>>> print(open('coords_38.pdb').read())   # PDB, C-alpha atoms
ATOM      1  CA  ALA A 270      96.044 114.554 131.586  1.00  0.00           C
ATOM      2  CA  GLN A 271      95.760 110.857 130.852  1.00  0.00           C
ATOM      3  CA  SER A 272      98.326 109.323 128.538  1.00  0.00           C
ATOM      4  CA  VAL A 273     100.168 106.084 127.897  1.00  0.00           C
ATOM      5  CA  THR A 274     103.699 105.385 126.762  1.00  0.00           C
ATOM      6  CA  GLN A 275     104.632 102.130 125.121  1.00  0.00           C
ATOM      7  CA  LEU A 276     108.273 101.620 125.859  1.00  0.00           C
ATOM      8  CA  ASP A 277     109.166  99.477 122.853  1.00  0.00           C
ATOM      9  CA  SER A 278     108.225 100.171 119.266  1.00  0.00           C
ATOM     10  CA  HIS A 279     109.236  96.674 118.203  1.00  0.00           C
ATOM     11  CA  VAL A 280     109.602  93.407 120.097  1.00  0.00           C
ATOM     12  CA  SER A 281     110.857  90.193 118.546  1.00  0.00           C
ATOM     13  CA  VAL A 282     110.501  86.783 120.222  1.00  0.00           C
ATOM     14  CA  SER A 283     110.824  83.162 119.201  1.00  0.00           C
ATOM     15  CA  GLU A 284     107.778  80.953 119.052  1.00  0.00           C
ATOM     16  CA  GLY A 285     107.171  79.294 122.415  1.00  0.00           C
ATOM     17  CA  THR A 286     109.030  81.940 124.451  1.00  0.00           C
ATOM     18  CA  PRO A 287     107.397  84.533 126.747  1.00  0.00           C
ATOM     19  CA  VAL A 288     106.087  87.841 125.505  1.00  0.00           C
ATOM     20  CA  LEU A 289     106.408  91.123 127.411  1.00  0.00           C
ATOM     21  CA  LEU A 290     105.018  94.359 125.958  1.00  0.00           C
ATOM     22  CA  ARG A 291     105.544  97.339 128.231  1.00  0.00           C
ATOM     23  CA  CYS A 292     103.189 100.211 128.888  1.00  0.00           C
ATOM     24  CA  ASN A 293     103.417 103.039 131.394  1.00  0.00           C
ATOM     25  CA  TYR A 294     100.537 105.371 132.058  1.00  0.00           C
ATOM     26  CA  SER A 295     100.153 108.860 133.358  1.00  0.00           C
ATOM     27  CA  SER A 296      96.989 109.720 135.201  1.00  0.00           C
ATOM     28  CA  SER A 297      95.788 112.147 137.814  1.00  0.00           C
ATOM     29  CA  TYR A 298      93.247 109.628 139.076  1.00  0.00           C
ATOM     30  CA  SER A 299      92.414 105.956 138.766  1.00  0.00           C
ATOM     31  CA  PRO A 300      92.587 105.141 135.074  1.00  0.00           C
ATOM     32  CA  SER A 301      90.782 102.673 132.856  1.00  0.00           C
ATOM     33  CA  LEU A 302      93.352 100.848 130.758  1.00  0.00           C
ATOM     34  CA  PHE A 303      93.034  98.556 127.777  1.00  0.00           C
ATOM     35  CA  TRP A 304      95.175  96.515 125.442  1.00  0.00           C
ATOM     36  CA  TYR A 305      94.103  96.173 121.827  1.00  0.00           C
ATOM     37  CA  VAL A 306      95.654  94.143 119.028  1.00  0.00           C
ATOM     38  CA  GLN A 307      95.631  94.970 115.329  1.00  0.00           C
ATOM     39  CA  HIS A 308      96.506  92.362 112.753  1.00  0.00           C
ATOM     40  CA  PRO A 309      97.601  93.567 109.299  1.00  0.00           C
ATOM     41  CA  ASN A 310      94.815  95.254 107.367  1.00  0.00           C
ATOM     42  CA  LYS A 311      92.343  94.566 110.126  1.00  0.00           C
ATOM     43  CA  GLY A 312      90.530  96.632 112.736  1.00  0.00           C
ATOM     44  CA  LEU A 313      91.407  96.581 116.409  1.00  0.00           C
ATOM     45  CA  GLN A 314      90.397  93.790 118.749  1.00  0.00           C
ATOM     46  CA  LEU A 315      90.159  94.143 122.513  1.00  0.00           C
ATOM     47  CA  LEU A 316      92.541  91.844 124.382  1.00  0.00           C
ATOM     48  CA  LEU A 317      91.746  92.888 127.944  1.00  0.00           C
ATOM     49  CA  LYS A 318      90.751  95.814 130.141  1.00  0.00           C
ATOM     50  CA  TYR A 319      91.426  97.115 133.649  1.00  0.00           C
ATOM     51  CA  THR A 320      88.738  99.144 135.384  1.00  0.00           C
ATOM     52  CA  SER A 321      89.824  99.219 139.051  1.00  0.00           C
ATOM     53  CA  ALA A 322      88.762  95.689 139.924  1.00  0.00           C
ATOM     54  CA  ALA A 323      91.394  92.916 140.092  1.00  0.00           C
ATOM     55  CA  THR A 324      94.901  94.161 139.354  1.00  0.00           C
ATOM     56  CA  LEU A 325      95.758  91.042 137.358  1.00  0.00           C
ATOM     57  CA  VAL A 326      93.603  90.991 134.279  1.00  0.00           C
ATOM     58  CA  LYS A 327      93.242  87.971 132.034  1.00  0.00           C
ATOM     59  CA  GLY A 328      92.362  88.435 128.415  1.00  0.00           C
ATOM     60  CA  ILE A 329      91.843  86.464 125.282  1.00  0.00           C
ATOM     61  CA  ASN A 330      94.370  84.185 123.582  1.00  0.00           C
ATOM     62  CA  GLY A 331      96.354  83.619 126.776  1.00  0.00           C
ATOM     63  CA  PHE A 332      97.329  87.243 127.331  1.00  0.00           C
ATOM     64  CA  GLU A 333      97.237  88.941 130.702  1.00  0.00           C
ATOM     65  CA  ALA A 334      98.280  92.264 132.173  1.00  0.00           C
ATOM     66  CA  GLU A 335      99.017  93.489 135.664  1.00  0.00           C
ATOM     67  CA  PHE A 336      98.100  96.948 136.879  1.00  0.00           C
ATOM     68  CA  LYS A 337     100.849  98.276 139.154  1.00  0.00           C
ATOM     69  CA  LYS A 338      99.953 101.610 140.624  1.00  0.00           C
ATOM     70  CA  SER A 339     103.316 102.087 142.344  1.00  0.00           C
ATOM     71  CA  GLU A 340     105.086 101.708 139.014  1.00  0.00           C
ATOM     72  CA  THR A 341     102.315 103.306 136.895  1.00  0.00           C
ATOM     73  CA  SER A 342     102.601 100.326 134.593  1.00  0.00           C
ATOM     74  CA  PHE A 343     100.239  98.012 132.742  1.00  0.00           C
ATOM     75  CA  HIS A 344     102.492  95.541 130.969  1.00  0.00           C
ATOM     76  CA  LEU A 345     101.067  92.842 128.695  1.00  0.00           C
ATOM     77  CA  THR A 346     102.429  89.314 128.977  1.00  0.00           C
ATOM     78  CA  LYS A 347     101.930  85.876 127.515  1.00  0.00           C
ATOM     79  CA  PRO A 348     103.793  82.773 128.685  1.00  0.00           C
ATOM     80  CA  SER A 349     104.334  81.280 125.243  1.00  0.00           C
ATOM     81  CA  ALA A 350     104.241  83.141 121.931  1.00  0.00           C
ATOM     82  CA  HIS A 351     102.463  81.710 118.919  1.00  0.00           C
ATOM     83  CA  MET A 352     103.047  82.661 115.314  1.00  0.00           C
ATOM     84  CA  SER A 353      99.516  84.047 115.154  1.00  0.00           C
ATOM     85  CA  ASP A 354     100.415  86.605 117.853  1.00  0.00           C
ATOM     86  CA  ALA A 355     102.445  88.597 115.354  1.00  0.00           C
ATOM     87  CA  ALA A 356     100.621  91.941 115.167  1.00  0.00           C
ATOM     88  CA  GLU A 357     100.597  95.521 116.430  1.00  0.00           C
ATOM     89  CA  TYR A 358      99.598  96.004 120.060  1.00  0.00           C
ATOM     90  CA  PHE A 359      98.196  99.194 121.525  1.00  0.00           C
ATOM     91  CA  CYS A 360      97.964 100.248 125.145  1.00  0.00           C
ATOM     92  CA  VAL A 361      95.033 102.601 125.675  1.00  0.00           C
ATOM     93  CA  VAL A 362      93.762 104.852 128.442  1.00  0.00           C
ATOM     94  CA  ILE A 363      90.350 106.427 128.651  1.00  0.00           C
ATOM     95  CA  ARG A 364      90.712 110.151 129.039  1.00  0.00           C
ATOM     96  CA  GLY A 365      88.148 111.832 131.213  1.00  0.00           C
ATOM     97  CA  TRP A 366      86.252 110.990 134.321  1.00  0.00           C
ATOM     98  CA  ASN A 367      82.664 110.945 133.164  1.00  0.00           C
ATOM     99  CA  ASN A 368      80.860 108.995 130.479  1.00  0.00           C
ATOM    100  CA  ASN A 369      83.612 109.882 128.107  1.00  0.00           C
ATOM    101  CA  ASN A 370      84.924 107.440 125.567  1.00  0.00           C
ATOM    102  CA  ASP A 371      87.851 109.554 124.460  1.00  0.00           C
ATOM    103  CA  MET A 372      90.476 106.847 124.221  1.00  0.00           C
ATOM    104  CA  ARG A 373      94.143 107.814 124.038  1.00  0.00           C
ATOM    105  CA  PHE A 374      96.320 105.275 122.280  1.00  0.00           C
ATOM    106  CA  GLY A 375      99.977 104.542 122.777  1.00  0.00           C
ATOM    107  CA  ALA A 376     102.228 104.576 119.739  1.00  0.00           C
ATOM    108  CA  GLY A 377     101.984 100.817 119.410  1.00  0.00           C
ATOM    109  CA  THR A 378     104.398  97.902 119.706  1.00  0.00           C
ATOM    110  CA  ARG A 379     104.960  95.664 116.741  1.00  0.00           C
ATOM    111  CA  LEU A 380     105.419  92.074 117.842  1.00  0.00           C
ATOM    112  CA  THR A 381     107.351  89.752 115.578  1.00  0.00           C
ATOM    113  CA  VAL A 382     107.356  86.005 116.289  1.00  0.00           C
ATOM    114  CA  LYS A 383     110.169  83.962 114.807  1.00  0.00           C
ATOM    115  CA  PRO A 384     109.726  80.246 114.075  1.00  0.00           C
TER     116      PRO A 384
ATOM    117  CA  LYS B 137      75.591  89.578 116.606  1.00  0.00           C
ATOM    118  CA  ALA B 138      76.939  91.382 113.580  1.00  0.00           C
ATOM    119  CA  GLY B 139      80.064  93.452 114.157  1.00  0.00           C
ATOM    120  CA  VAL B 140      80.772  97.057 113.333  1.00  0.00           C
ATOM    121  CA  THR B 141      80.620  97.672 109.614  1.00  0.00           C
ATOM    122  CA  GLN B 142      82.196 100.499 107.698  1.00  0.00           C
ATOM    123  CA  THR B 143      81.603 101.550 104.123  1.00  0.00           C
ATOM    124  CA  PRO B 144      83.295 101.956 101.820  1.00  0.00           C
ATOM    125  CA  ARG B 145      86.391  99.944 102.679  1.00  0.00           C
ATOM    126  CA  TYR B 146      88.611 101.803 100.220  1.00  0.00           C
ATOM    127  CA  LEU B 147      88.319 105.240  98.711  1.00  0.00           C
ATOM    128  CA  ILE B 148      90.458 107.393  96.455  1.00  0.00           C
ATOM    129  CA  LYS B 149      89.770 111.116  96.283  1.00  0.00           C
ATOM    130  CA  THR B 150      91.443 114.194  94.885  1.00  0.00           C
ATOM    131  CA  ARG B 151      92.658 117.177  96.867  1.00  0.00           C
ATOM    132  CA  GLY B 152      89.892 119.685  97.452  1.00  0.00           C
ATOM    133  CA  GLN B 153      87.094 117.158  97.232  1.00  0.00           C
ATOM    134  CA  GLN B 154      84.961 116.090 100.134  1.00  0.00           C
ATOM    135  CA  VAL B 155      84.210 112.593 101.387  1.00  0.00           C
ATOM    136  CA  THR B 156      81.621 110.890 103.575  1.00  0.00           C
ATOM    137  CA  LEU B 157      82.338 107.677 105.442  1.00  0.00           C
ATOM    138  CA  SER B 158      79.697 105.516 107.048  1.00  0.00           C
ATOM    139  CA  CYS B 159      79.679 103.365 110.156  1.00  0.00           C
ATOM    140  CA  SER B 160      77.009 100.976 111.402  1.00  0.00           C
ATOM    141  CA  PRO B 161      77.492 100.034 115.058  1.00  0.00           C
ATOM    142  CA  ILE B 162      76.717  96.776 116.784  1.00  0.00           C
ATOM    143  CA  SER B 163      73.015  96.466 117.467  1.00  0.00           C
ATOM    144  CA  GLY B 164      72.173  98.071 120.803  1.00  0.00           C
ATOM    145  CA  HIS B 165      75.288 100.222 120.933  1.00  0.00           C
ATOM    146  CA  ARG B 166      74.540 103.908 121.257  1.00  0.00           C
ATOM    147  CA  SER B 167      78.043 105.338 121.166  1.00  0.00           C
ATOM    148  CA  VAL B 168      80.101 105.662 118.016  1.00  0.00           C
ATOM    149  CA  SER B 169      83.643 106.992 118.000  1.00  0.00           C
ATOM    150  CA  TRP B 170      85.880 107.813 115.078  1.00  0.00           C
ATOM    151  CA  TYR B 171      89.653 107.554 114.883  1.00  0.00           C
ATOM    152  CA  GLN B 172      92.282 108.404 112.303  1.00  0.00           C
ATOM    153  CA  GLN B 173      95.272 106.107 111.948  1.00  0.00           C
ATOM    154  CA  THR B 174      98.410 107.185 110.083  1.00  0.00           C
ATOM    155  CA  PRO B 175     101.981 105.864 110.179  1.00  0.00           C
ATOM    156  CA  GLY B 176     103.273 109.200 111.412  1.00  0.00           C
ATOM    157  CA  GLN B 177     100.674 110.182 114.001  1.00  0.00           C
ATOM    158  CA  GLY B 178      99.378 106.774 115.039  1.00  0.00           C
ATOM    159  CA  LEU B 179      95.814 106.448 116.245  1.00  0.00           C
ATOM    160  CA  GLN B 180      94.113 109.734 117.019  1.00  0.00           C
ATOM    161  CA  PHE B 181      90.649 110.331 118.400  1.00  0.00           C
ATOM    162  CA  LEU B 182      88.383 112.392 116.165  1.00  0.00           C
ATOM    163  CA  PHE B 183      85.033 112.523 117.944  1.00  0.00           C
ATOM    164  CA  GLU B 184      82.372 110.518 119.698  1.00  0.00           C
ATOM    165  CA  TYR B 185      78.636 110.543 119.221  1.00  0.00           C
ATOM    166  CA  PHE B 186      76.087 109.302 121.709  1.00  0.00           C
ATOM    167  CA  SER B 187      72.347 109.424 121.119  1.00  0.00           C
ATOM    168  CA  GLU B 188      72.765 111.694 118.097  1.00  0.00           C
ATOM    169  CA  THR B 189      74.854 114.235 120.035  1.00  0.00           C
ATOM    170  CA  GLN B 190      78.555 114.860 119.773  1.00  0.00           C
ATOM    171  CA  ARG B 191      79.796 114.088 123.245  1.00  0.00           C
ATOM    172  CA  ASN B 192      83.495 114.642 122.789  1.00  0.00           C
ATOM    173  CA  LYS B 193      85.876 115.943 120.170  1.00  0.00           C
ATOM    174  CA  GLY B 194      89.550 115.482 119.475  1.00  0.00           C
ATOM    175  CA  ASN B 195      92.013 118.003 118.169  1.00  0.00           C
ATOM    176  CA  PHE B 196      91.135 118.110 114.484  1.00  0.00           C
ATOM    177  CA  PRO B 197      90.209 121.066 112.255  1.00  0.00           C
ATOM    178  CA  GLY B 198      86.628 121.925 111.467  1.00  0.00           C
ATOM    179  CA  ARG B 199      86.926 120.232 108.067  1.00  0.00           C
ATOM    180  CA  PHE B 200      86.271 117.026 109.970  1.00  0.00           C
ATOM    181  CA  SER B 201      82.683 116.641 111.056  1.00  0.00           C
ATOM    182  CA  GLY B 202      80.251 113.920 111.835  1.00  0.00           C
ATOM    183  CA  ARG B 203      76.745 113.071 112.758  1.00  0.00           C
ATOM    184  CA  GLN B 204      74.733 110.245 114.208  1.00  0.00           C
ATOM    185  CA  PHE B 205      71.289 109.131 113.222  1.00  0.00           C
ATOM    186  CA  SER B 206      68.447 107.880 115.388  1.00  0.00           C
ATOM    187  CA  ASN B 207      69.381 104.276 114.610  1.00  0.00           C
ATOM    188  CA  SER B 208      72.922 105.010 115.933  1.00  0.00           C
ATOM    189  CA  ARG B 209      74.521 104.783 112.503  1.00  0.00           C
ATOM    190  CA  SER B 210      77.120 107.464 112.068  1.00  0.00           C
ATOM    191  CA  GLU B 211      78.727 109.314 109.210  1.00  0.00           C
ATOM    192  CA  MET B 212      81.960 111.221 109.120  1.00  0.00           C
ATOM    193  CA  ASN B 213      82.601 113.953 106.597  1.00  0.00           C
ATOM    194  CA  VAL B 214      85.872 115.538 105.558  1.00  0.00           C
ATOM    195  CA  SER B 215      85.664 118.633 103.377  1.00  0.00           C
ATOM    196  CA  THR B 216      88.385 120.205 101.254  1.00  0.00           C
ATOM    197  CA  LEU B 217      90.571 117.135 101.379  1.00  0.00           C
ATOM    198  CA  GLU B 218      94.323 117.506 101.836  1.00  0.00           C
ATOM    199  CA  LEU B 219      97.067 115.001 101.063  1.00  0.00           C
ATOM    200  CA  GLY B 220      97.642 114.613 104.792  1.00  0.00           C
ATOM    201  CA  ASP B 221      94.118 113.284 105.242  1.00  0.00           C
ATOM    202  CA  SER B 222      95.185 110.004 103.665  1.00  0.00           C
ATOM    203  CA  ALA B 223      94.696 107.498 106.453  1.00  0.00           C
ATOM    204  CA  LEU B 224      92.800 104.548 107.787  1.00  0.00           C
ATOM    205  CA  TYR B 225      89.619 105.810 109.436  1.00  0.00           C
ATOM    206  CA  LEU B 226      88.340 103.546 112.142  1.00  0.00           C
ATOM    207  CA  CYS B 227      84.945 103.545 113.724  1.00  0.00           C
ATOM    208  CA  ALA B 228      84.206 101.965 117.090  1.00  0.00           C
ATOM    209  CA  SER B 229      80.955 101.374 118.897  1.00  0.00           C
ATOM    210  CA  SER B 230      80.160 100.758 122.534  1.00  0.00           C
ATOM    211  CA  LEU B 231      77.230 100.719 124.902  1.00  0.00           C
ATOM    212  CA  GLY B 232      78.119 104.275 125.740  1.00  0.00           C
ATOM    213  CA  GLN B 233      78.884 104.195 129.420  1.00  0.00           C
ATOM    214  CA  ARG B 234      82.416 104.736 130.642  1.00  0.00           C
ATOM    215  CA  ASN B 235      84.630 101.676 130.857  1.00  0.00           C
ATOM    216  CA  TYR B 236      82.651  99.722 128.359  1.00  0.00           C
ATOM    217  CA  GLU B 237      84.953  98.361 125.733  1.00  0.00           C
ATOM    218  CA  GLN B 238      84.797  99.680 122.217  1.00  0.00           C
ATOM    219  CA  TYR B 239      84.416  97.363 119.269  1.00  0.00           C
ATOM    220  CA  PHE B 240      86.165  98.440 116.112  1.00  0.00           C
ATOM    221  CA  GLY B 241      85.203  98.094 112.498  1.00  0.00           C
ATOM    222  CA  PRO B 242      87.694  97.131 109.779  1.00  0.00           C
ATOM    223  CA  GLY B 243      88.209 100.734 108.754  1.00  0.00           C
ATOM    224  CA  THR B 244      88.003 102.786 105.586  1.00  0.00           C
ATOM    225  CA  ARG B 245      91.274 103.344 103.782  1.00  0.00           C
ATOM    226  CA  LEU B 246      91.186 106.861 102.307  1.00  0.00           C
ATOM    227  CA  THR B 247      93.801 107.900  99.784  1.00  0.00           C
ATOM    228  CA  VAL B 248      93.974 111.535  98.723  1.00  0.00           C
ATOM    229  CA  THR B 249      95.879 112.283  95.507  1.00  0.00           C
TER     230      THR B 249
END
>>> encode(input="coords_38.pdb", output="structure tokens")
Amino acid sequence: AQSVTQLDSHVSVSEGTPVLLRCNYSSSYSPSLFWYVQHPNKGLQLLLKYTSAATLVKGINGFEAEFKKSETSFHLTKPSAHMSDAAEYFCVVIRGWNNNNDMRFGAGTRLTVKP
Amino acid sequence: KAGVTQTPRYLIKTRGQQVTLSCSPISGHRSVSWYQQTPGQGLQFLFEYFSETQRNKGNFPGRFSGRQFSNSRSEMNVSTLELGDSALYLCASSLGQRNYEQYFGPGTRLTVT
């Protein structure tokens, strides 16, 4: 079964320092993986997606993620944190192998950015 | 292009009542999915509709149901409300084929008292 595990429930960084949000996946075949961000009292916004093309995926707002099959990881990174990055981040895998949009969400990582 | 809209944004109901939530997808999107978000359980998939048919269903009791209309708008219904149904209900739309990203609405905050 497809699933994702976000390794940190809370990450705190200083503004201008790098961000690393960790996600491991479990899949019996090649997965489709996504990162979404949710700002307080808002819906979810897609940051980036991996669908078996390039292993290094660039997203919006300077975020990127690298798919590493050997490590079953899809960690989200950003070189320099901004105050506006403070939010909840979700790693997501699509469950199923057909036209199936059953998305399984990780538990989320709350990112705090200190001035 | 207008985004995904959900109505109402906030709702307060009493135990035992029923509720209907509405979702209007992005124009051209044929798939609508529903999710429940709670502090304890996180984000959980409820069901997905594509071309008026339920294509997939999560692990929720039969009190949770939905439907999709010919214009792709979708409604979700919860009957016999329980306190534990208090949550943010999110709707997402997509083109419908696998790997296409889903676009989320702002959600409906349901409070059951």
>>> interface_residues(input="coords_38.pdb", of="chain A", to="chain B", cutoff="12 Å", atoms="all atoms listed in the file", output="mmCIF file with C-alpha atoms, in the coordinates of the input")
data_model
loop_
_atom_site.group_PDB
_atom_site.id
_atom_site.type_symbol
_atom_site.label_atom_id
_atom_site.label_comp_id
_atom_site.auth_asym_id
_atom_site.auth_seq_id
_atom_site.Cartn_x
_atom_site.Cartn_y
_atom_site.Cartn_z
ATOM 1 C CA SER A 278 108.225 100.171 119.266
ATOM 2 C CA SER A 299 92.414 105.956 138.766
ATOM 3 C CA PRO A 300 92.587 105.141 135.074
ATOM 4 C CA SER A 301 90.782 102.673 132.856
ATOM 5 C CA LEU A 302 93.352 100.848 130.758
ATOM 6 C CA PHE A 303 93.034 98.556 127.777
ATOM 7 C CA TRP A 304 95.175 96.515 125.442
ATOM 8 C CA TYR A 305 94.103 96.173 121.827
ATOM 9 C CA VAL A 306 95.654 94.143 119.028
ATOM 10 C CA GLN A 307 95.631 94.970 115.329
ATOM 11 C CA HIS A 308 96.506 92.362 112.753
ATOM 12 C CA PRO A 309 97.601 93.567 109.299
ATOM 13 C CA ASN A 310 94.815 95.254 107.367
ATOM 14 C CA LYS A 311 92.343 94.566 110.126
ATOM 15 C CA GLY A 312 90.530 96.632 112.736
ATOM 16 C CA LEU A 313 91.407 96.581 116.409
ATOM 17 C CA GLN A 314 90.397 93.790 118.749
ATOM 18 C CA LEU A 315 90.159 94.143 122.513
ATOM 19 C CA LEU A 316 92.541 91.844 124.382
ATOM 20 C CA LEU A 317 91.746 92.888 127.944
ATOM 21 C CA LYS A 318 90.751 95.814 130.141
ATOM 22 C CA TYR A 319 91.426 97.115 133.649
ATOM 23 C CA THR A 320 88.738 99.144 135.384
ATOM 24 C CA SER A 321 89.824 99.219 139.051
ATOM 25 C CA ALA A 322 88.762 95.689 139.924
ATOM 26 C CA GLU A 357 100.597 95.521 116.430
ATOM 27 C CA TYR A 358 99.598 96.004 120.060
ATOM 28 C CA PHE A 359 98.196 99.194 121.525
ATOM 29 C CA CYS A 360 97.964 100.248 125.145
ATOM 30 C CA VAL A 361 95.033 102.601 125.675
ATOM 31 C CA VAL A 362 93.762 104.852 128.442
ATOM 32 C CA ILE A 363 90.350 106.427 128.651
ATOM 33 C CA ARG A 364 90.712 110.151 129.039
ATOM 34 C CA GLY A 365 88.148 111.832 131.213
ATOM 35 C CA TRP A 366 86.252 110.990 134.321
ATOM 36 C CA ASN A 367 82.664 110.945 133.164
ATOM 37 C CA ASN A 368 80.860 108.995 130.479
ATOM 38 C CA ASN A 369 83.612 109.882 128.107
ATOM 39 C CA ASN A 370 84.924 107.440 125.567
ATOM 40 C CA ASP A 371 87.851 109.554 124.460
ATOM 41 C CA MET A 372 90.476 106.847 124.221
ATOM 42 C CA ARG A 373 94.143 107.814 124.038
ATOM 43 C CA PHE A 374 96.320 105.275 122.280
ATOM 44 C CA GLY A 375 99.977 104.542 122.777
ATOM 45 C CA ALA A 376 102.228 104.576 119.739
ATOM 46 C CA GLY A 377 101.984 100.817 119.410
ATOM 47 C CA THR A 378 104.398 97.902 119.706
#
>>> closest_residue(input="coords_38.pdb", among="B:Thr216, B:Gln154, B:Ser222, B:Thr247", to="Gln172 in chain B", atoms="only C-alpha atoms")
B:Ser222
>>> resolve_selection(input="coords_38.pdb", expression="the PyMOL selection byres ((chain A and resi 295) around 7)", output="list in words")
Gln271, Ser272, Val273, Asn293, Tyr294, Ser296 and Thr341 of chain A
>>> residues_around(input="coords_38.pdb", residues="Thr141 in chain B", least_positions_apart="4", cutoff="7 Å", atoms="all atoms listed in the file", output="PyMOL selection string")
chain B and resi 159-161+241
>>> residues_around(input="coords_38.pdb", residues="Thr346 in chain A", least_positions_apart="5", cutoff="8 Å", atoms="only C-alpha atoms", output="count of residues only")
7
>>> residues_around(input="coords_38.pdb", residues="range 336-338 of chain A", least_positions_apart="6", cutoff="8 Å", atoms="only C-alpha atoms", output="list of chain:residue names")
A:Tyr319, A:Thr324, A:Leu325, A:Val326, A:His344
>>> residues_around(input="coords_38.pdb", residues="Thr381 in chain A", least_positions_apart="2", cutoff="9 Å", atoms="all atoms listed in the file", output="short mmCIF file (atom, residue, chain, number, x, y, z; two decimals) with C-alpha atoms, keeping the file's coordinate frame")
data_model
loop_
_atom_site.label_atom_id
_atom_site.label_comp_id
_atom_site.auth_asym_id
_atom_site.auth_seq_id
_atom_site.Cartn_x
_atom_site.Cartn_y
_atom_site.Cartn_z
CA HIS A 279 109.24 96.67 118.20
CA VAL A 280 109.60 93.41 120.10
CA SER A 281 110.86 90.19 118.55
CA VAL A 282 110.50 86.78 120.22
CA SER A 283 110.82 83.16 119.20
CA MET A 352 103.05 82.66 115.31
CA ASP A 354 100.42 86.60 117.85
CA ALA A 355 102.44 88.60 115.35
CA ALA A 356 100.62 91.94 115.17
CA GLU A 357 100.60 95.52 116.43
CA ARG A 379 104.96 95.66 116.74
CA LYS A 383 110.17 83.96 114.81
#
>>> atom_distance(input="coords_38.pdb", atom1="CA of Glu340 in chain A", atom2="CA of Gln173 in chain B")
29.1 Å
>>> atom_distance(input="coords_38.pdb", atom1="CA of Ser353 in chain A", atom2="CA of Thr143 in chain B")
27.4 Å
>>> atom_distance(input="coords_38.pdb", atom1="CA of Leu147 in chain B", atom2="CA of Phe205 in chain B")
22.7 Å
>>> closest_residue(input="coords_38.pdb", among="B:Ala138, B:Val248, B:Ile148, B:Ala223", to="His165 in chain B", atoms="all atoms listed in the file")
B:Ala138
>>> resolve_selection(input="coords_38.pdb", expression="the PyMOL selection byres ((chain B and resi 249) around 10)", output="list in words")
Ile148, Lys149, Thr150, Arg151, Gly152, Leu217, Glu218, Leu219, Gly220, Asp221, Ser222, Leu246, Thr247 and Val248 of chain B
>>> resolve_selection(input="coords_38.pdb", expression="the PyMOL selection byres ((chain B and resi 196-199) around 6)", output="ChimeraX atom specification")
/B:194-195,200,214-215
>>> closest_residue(input="coords_38.pdb", among="B:Leu231, B:Gln190, B:Ser208, B:Gly202", to="Thr156 in chain B", atoms="only C-alpha atoms")
B:Gly202
>>> closest_residue(input="coords_38.pdb", among="B:Thr174, B:Ser163, B:Thr189, B:Gln142", to="Gln204 in chain B", atoms="only C-alpha atoms")
B:Thr189
>>> decode(input="coords_38.pdb", residues="range 317-326 of chain A", atoms="N, CA, C and O atoms", output="CSV table (one decimal), in the first residue's frame")
chain,number,residue,atom,x,y,z
A,317,LEU,N,4.9,21.4,-5.5
A,317,LEU,CA,5.6,20.7,-6.6
A,317,LEU,C,5.1,19.2,-6.6
A,317,LEU,O,4.4,18.7,-5.7
A,318,LYS,N,5.4,18.5,-7.8
A,318,LYS,CA,5.0,17.1,-7.9
A,318,LYS,C,6.1,16.3,-8.6
A,318,LYS,O,6.8,16.9,-9.4
A,319,TYR,N,6.2,15.1,-8.3
A,319,TYR,CA,7.0,14.1,-9.0
A,319,TYR,C,6.2,13.0,-9.6
A,319,TYR,O,5.4,12.4,-8.9
A,320,THR,N,6.4,12.8,-10.9
A,320,THR,CA,5.6,11.8,-11.6
A,320,THR,C,6.5,11.0,-12.5
A,320,THR,O,6.1,10.7,-13.7
A,321,SER,N,7.7,10.6,-12.0
A,321,SER,CA,8.6,9.7,-12.7
A,321,SER,C,9.3,10.3,-13.9
A,321,SER,O,9.8,9.7,-14.7
A,322,ALA,N,9.4,11.6,-13.9
A,322,ALA,CA,10.3,12.3,-14.9
A,322,ALA,C,11.6,12.7,-14.2
A,322,ALA,O,12.2,11.8,-13.6
A,323,ALA,N,12.0,13.9,-14.2
A,323,ALA,CA,13.2,14.3,-13.5
A,323,ALA,C,13.2,14.0,-12.0
A,323,ALA,O,12.1,14.3,-11.4
A,324,THR,N,14.2,13.5,-11.4
A,324,THR,CA,14.2,13.2,-10.0
A,324,THR,C,14.3,14.5,-9.1
A,324,THR,O,13.9,14.5,-8.0
A,325,LEU,N,14.9,15.6,-9.7
A,325,LEU,CA,14.9,16.8,-9.0
A,325,LEU,C,13.8,17.7,-9.5
A,325,LEU,O,13.8,18.1,-10.7
A,326,VAL,N,12.9,18.0,-8.6
A,326,VAL,CA,11.7,18.7,-9.0
A,326,VAL,C,11.7,20.1,-8.4
A,326,VAL,O,11.9,20.3,-7.2
